[in-house]
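File shown here: structure39.pdb, holding PDB, C-alpha atoms.
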```
MODEL        1
ATOM      1  CA  MET K   1      -0.012  -3.497  12.872
ATOM      2  CA  ARG K   2      -3.172  -2.543  11.044
ATOM      3  CA  VAL K   3      -3.638   0.915   9.508
ATOM      4  CA  LEU K   4      -6.703   2.514   7.933
ATOM      5  CA  VAL K   5      -5.968   5.011   5.144
ATOM      6  CA  ILE K   6      -8.851   7.371   4.335
ATOM      7  CA  GLU K   7      -7.878   9.211   1.152
ATOM      8  CA  ASP K   8     -10.113  10.192  -1.777
ATOM      9  CA  ASP K   9      -7.300  10.302  -4.349
ATOM     10  CA  ARG K  10      -7.001   6.645  -5.305
ATOM     11  CA  LYS K  11      -3.446   7.015  -6.628
ATOM     12  CA  VAL K  12      -2.257   8.588  -3.390
ATOM     13  CA  ALA K  13      -4.128   5.956  -1.349
ATOM     14  CA  SER K  14      -2.571   3.157  -3.399
ATOM     15  CA  PHE K  15       0.920   4.690  -3.020
ATOM     16  CA  ILE K  16       0.503   4.866   0.772
ATOM     17  CA  GLN K  17      -1.048   1.411   0.959
ATOM     18  CA  THR K  18       1.718  -0.224  -1.087
ATOM     19  CA  GLY K  19       4.484   1.548   0.795
ATOM     20  CA  LEU K  20       3.121   0.662   4.220
ATOM     21  CA  GLN K  21       2.457  -2.926   3.174
ATOM     22  CA  GLN K  22       6.104  -3.217   2.103
ATOM     23  CA  GLU K  23       6.997  -2.227   5.663
ATOM     24  CA  GLY K  24       4.830  -5.004   7.070
ATOM     25  CA  TYR K  25       1.617  -3.153   7.877
ATOM     26  CA  ALA K  26      -1.816  -4.530   7.064
ATOM     27  CA  VAL K  27      -3.542  -1.620   5.311
ATOM     28  CA  ASP K  28      -7.178  -0.964   4.446
ATOM     29  CA  ALA K  29      -8.114   2.017   2.278
ATOM     30  CA  LEU K  30     -11.357   3.981   2.011
ATOM     31  CA  HIS K  31     -11.977   6.753  -0.496
ATOM     32  CA  ASP K  32     -14.821   8.772   1.031
ATOM     33  CA  GLY K  33     -15.945   9.950   4.420
ATOM     34  CA  ASN K  34     -19.377   8.339   4.482
ATOM     35  CA  SER K  35     -18.441   5.059   6.152
ATOM     36  CA  ALA K  36     -14.968   5.964   7.410
ATOM     37  CA  GLY K  37     -15.929   6.711  11.017
ATOM     38  CA  ASP K  38     -17.917   3.490  11.294
ATOM     39  CA  GLN K  39     -15.092   1.458   9.733
ATOM     40  CA  ALA K  40     -12.512   2.958  12.081
ATOM     41  CA  GLY K  41     -14.752   2.195  15.055
ATOM     42  CA  ALA K  42     -15.695  -1.323  14.034
ATOM     43  CA  VAL K  43     -12.264  -2.706  13.127
ATOM     44  CA  ASP K  44      -9.300  -3.026  15.470
ATOM     45  CA  TYR K  45      -6.923  -0.523  13.819
ATOM     46  CA  ASP K  46      -3.643   0.573  15.339
ATOM     47  CA  ALA K  47      -3.626   3.930  13.501
ATOM     48  CA  VAL K  48      -5.502   5.997  10.919
ATOM     49  CA  VAL K  49      -4.119   8.183   8.134
ATOM     50  CA  LEU K  50      -6.857  10.715   7.342
ATOM     51  CA  ASP K  51      -7.302  13.210   4.524
ATOM     52  CA  LEU K  52      -9.451  16.232   5.367
ATOM     53  CA  MET K  53     -11.006  16.881   1.963
ATOM     54  CA  LEU K  54     -13.204  13.839   1.441
ATOM     55  CA  PRO K  55     -16.422  13.354  -0.490
ATOM     56  CA  GLY K  56     -19.469  12.580   1.623
ATOM     57  CA  ARG K  57     -18.248  13.638   5.055
ATOM     58  CA  SER K  58     -15.284  15.875   5.732
ATOM     59  CA  GLY K  59     -12.178  14.611   7.454
ATOM     60  CA  PHE K  60     -13.088  16.741  10.476
ATOM     61  CA  GLN K  61     -16.446  14.953  10.736
ATOM     62  CA  VAL K  62     -14.706  11.584  10.411
ATOM     63  CA  LEU K  63     -12.209  12.614  13.102
ATOM     64  CA  ARG K  64     -15.086  13.515  15.453
ATOM     65  CA  ASP K  65     -16.658  10.098  14.783
ATOM     66  CA  ILE K  66     -13.365   8.342  15.540
ATOM     67  CA  ARG K  67     -12.782  10.323  18.725
ATOM     68  CA  ALA K  68     -16.323   9.569  19.932
ATOM     69  CA  ARG K  69     -15.778   5.812  19.576
ATOM     70  CA  LYS K  70     -12.032   5.373  20.098
ATOM     71  CA  PRO K  71     -10.542   8.421  21.796
ATOM     72  CA  SER K  72      -6.986   7.076  21.938
ATOM     73  CA  LEU K  73      -6.732   5.643  18.393
ATOM     74  CA  PRO K  74      -3.770   7.448  16.791
ATOM     75  CA  VAL K  75      -4.868   9.642  13.873
ATOM     76  CA  LEU K  76      -2.435  11.307  11.496
ATOM     77  CA  ILE K  77      -3.961  13.915   9.202
ATOM     78  CA  LEU K  78      -2.436  13.948   5.711
ATOM     79  CA  THR K  79      -3.852  16.765   3.605
ATOM     80  CA  ALA K  80      -3.159  19.503   1.085
ATOM     81  CA  LYS K  81      -4.390  22.057   3.635
ATOM     82  CA  ASP K  82      -1.085  23.369   4.899
ATOM     83  CA  SER K  83      -1.601  26.810   6.413
ATOM     84  CA  LEU K  84      -0.719  27.350  10.054
ATOM     85  CA  ASP K  85      -4.378  27.917  10.975
ATOM     86  CA  GLU K  86      -5.412  24.658   9.279
ATOM     87  CA  ARG K  87      -2.667  22.671  11.019
ATOM     88  CA  VAL K  88      -3.636  24.120  14.389
ATOM     89  CA  ALA K  89      -7.323  23.401  13.706
ATOM     90  CA  GLY K  90      -6.534  19.783  12.811
ATOM     91  CA  LEU K  91      -4.494  19.198  15.938
ATOM     92  CA  ASP K  92      -7.036  20.987  18.121
ATOM     93  CA  ALA K  93      -9.802  18.847  16.590
ATOM     94  CA  GLY K  94      -8.107  15.738  17.963
ATOM     95  CA  ALA K  95      -5.473  14.630  15.465
ATOM     96  CA  ASP K  96      -2.261  13.258  16.936
ATOM     97  CA  ASP K  97      -0.108  14.485  14.054
ATOM     98  CA  TYR K  98      -0.516  16.549  10.880
ATOM     99  CA  MET K  99       1.353  16.316   7.576
ATOM    100  CA  ALA K 100       0.899  18.417   4.478
ATOM    101  CA  LYS K 101       0.992  17.124   0.902
ATOM    102  CA  PRO K 102       3.172  16.658  -0.998
ATOM    103  CA  PHE K 103       4.863  14.279   1.395
ATOM    104  CA  ALA K 104       7.634  11.701   1.518
ATOM    105  CA  LEU K 105       6.558   8.155   2.334
ATOM    106  CA  ALA K 106       9.617   7.760   4.556
ATOM    107  CA  GLU K 107       8.452  10.651   6.748
ATOM    108  CA  LEU K 108       4.865   9.377   6.876
ATOM    109  CA  SER K 109       6.157   5.979   7.927
ATOM    110  CA  ALA K 110       8.424   7.486  10.589
ATOM    111  CA  ARG K 111       5.573   9.544  12.007
ATOM    112  CA  LEU K 112       3.347   6.459  12.143
ATOM    113  CA  ARG K 113       6.072   4.542  13.959
ATOM    114  CA  ALA K 114       6.375   7.409  16.451
ATOM    115  CA  LEU K 115       2.612   7.379  17.079
ATOM    116  CA  LEU K 116       2.583   3.613  17.485
ATOM    117  CA  ARG K 117       5.533   3.646  19.894
ATOM    118  CA  ARG K 118       3.439   5.574  22.374
ATOM    119  CA  GLY K 119       1.569   2.331  23.010
ATOM    120  CA  ALA K 120      -1.946   3.760  23.289
ATOM    121  CA  PRO K 121      -4.192   1.371  25.218
ATOM    122  CA  ARG K 122      -6.395  -0.839  23.070
ATOM    123  CA  GLU K 123     -10.073  -0.077  23.360
ATOM    124  CA  SER K 124     -13.033  -2.321  22.926
ATOM    125  CA  VAL K 125     -15.520  -1.580  20.163
ATOM    126  CA  LEU K 126     -18.709  -0.016  21.511
TER     127      LEU K 126
ENDMDL
END
```
Would you mind writing the structure in this file as structure tokens?
Amino acid sequence: MRVLVIEDDRKVASFIQTGLQQEGYAVDALHDGNSAGDQAGAVDYDAVVLDLMLPGRSGFQVLRDIRARKPSLPVLILTAKDSLDERVAGLDAGADDYMAKPFALAELSARLRALLRRGAPRESVL
């Protein structure tokens, strides 16, 4: 399984990347929103972990890019924005799941497994 982590905090991204790799995932990490939508659309990822507060383009803009190219690619938002309104906005914008920081890697991993179990159909790159 291949996962794209889009997280501007390099320490957090490295923590997620290392933890998921130890569970057998192939993990790529990006640290800004500028090329994230293109990367997610061009590479055959099984899931995306997406921060909302990114330099360049916001996580919401990246999510719109992903949904335009790969509507069924599972996207889990992982962000410090944790109010009810922000969680609802993230899910309504097209995210499949939403987690607030701080977070436990075990829970992130379990949520990814749950998303991947749904068996979303693979899509061809446009």
Given the PyMOL selection byres ((chain K and resi 98-110) around 9), the residues it picks as a PyMOL selection string: chain K and resi 15-16+19-20+23+75-83+87-88+90-91+95-97+111-115
Once the PyMOL selection byres ((chain K and resi 9) around 12) has been evaluated on this model, what residues remain selected, and can you format them as number ranges by chain? K: 5-8, 10-16, 29-32, 50-55, 78-80, 101
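Picked out by the PyMOL selection byres ((chain K and resi 2) around 9) when it runs on this file: K:Met1, K:Val3, K:Leu4, K:Tyr25, K:Ala26, K:Val27, K:Asp28, K:Asp44, K:Tyr45, K:Asp46, K:Ala47, K:Val48.
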Return as lines of an AutoDock Vina configuration file the box centre and box size in Å, one decimal, for an axis-aligned box around all listed atoms of segment 55-70 of chain K padded by 6 Å per side.
```
center_x = -15.8
center_y = 11.1
center_z = 9.8
size_x = 19.4
size_y = 23.4
size_z = 32.6
```
For the atom pair atom CA of Ala40 of chain K and atom CA of Leu84 of chain K, what is the interatomic distance in Å to one decimal place? 27.2 Å
One-decimal distance in Å that lies between atom CA of Arg117 of chain K and atom CA of Gln39 of chain K: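 So the answer is 23.1 Å.
In this structure, atom CA of Ser58 of chain K sits 20.2 Å away from atom CA of Ser72 of chain K.
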Tell me which protein, DNA and RNA residues are within 9 Å of Pro71 of chain K, counting all atoms listed in the file, leaving out same-chain ones fewer than 3 positions away, and put them as a PDB file with C-alpha atoms, in the coordinates of the input.
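What landed in out.pdb:
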```
ATOM      1  CA  ILE K  66     -13.365   8.342  15.540  1.00  0.00           C
ATOM      2  CA  ARG K  67     -12.782  10.323  18.725  1.00  0.00           C
ATOM      3  CA  ALA K  68     -16.323   9.569  19.932  1.00  0.00           C
ATOM      4  CA  PRO K  74      -3.770   7.448  16.791  1.00  0.00           C
ATOM      5  CA  GLY K  94      -8.107  15.738  17.963  1.00  0.00           C
ATOM      6  CA  GLU K 123     -10.073  -0.077  23.360  1.00  0.00           C
TER       7      GLU K 123
END
```
With all atoms listed in the file as the basis for distance, which of K:Val43, K:Arg64, K:Gln17, K:Gly37 is at the shortest distance from Asp92 of chain K?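 Selected residue with least distance to Asp92 of chain K: K:Arg64.
Between Gly56 of chain K and the candidates K:Leu73, K:Asp38, K:Gly33, K:Thr18, the tightest atom-to-atom separation, counting only C-alpha atoms, involves K:Gly33.
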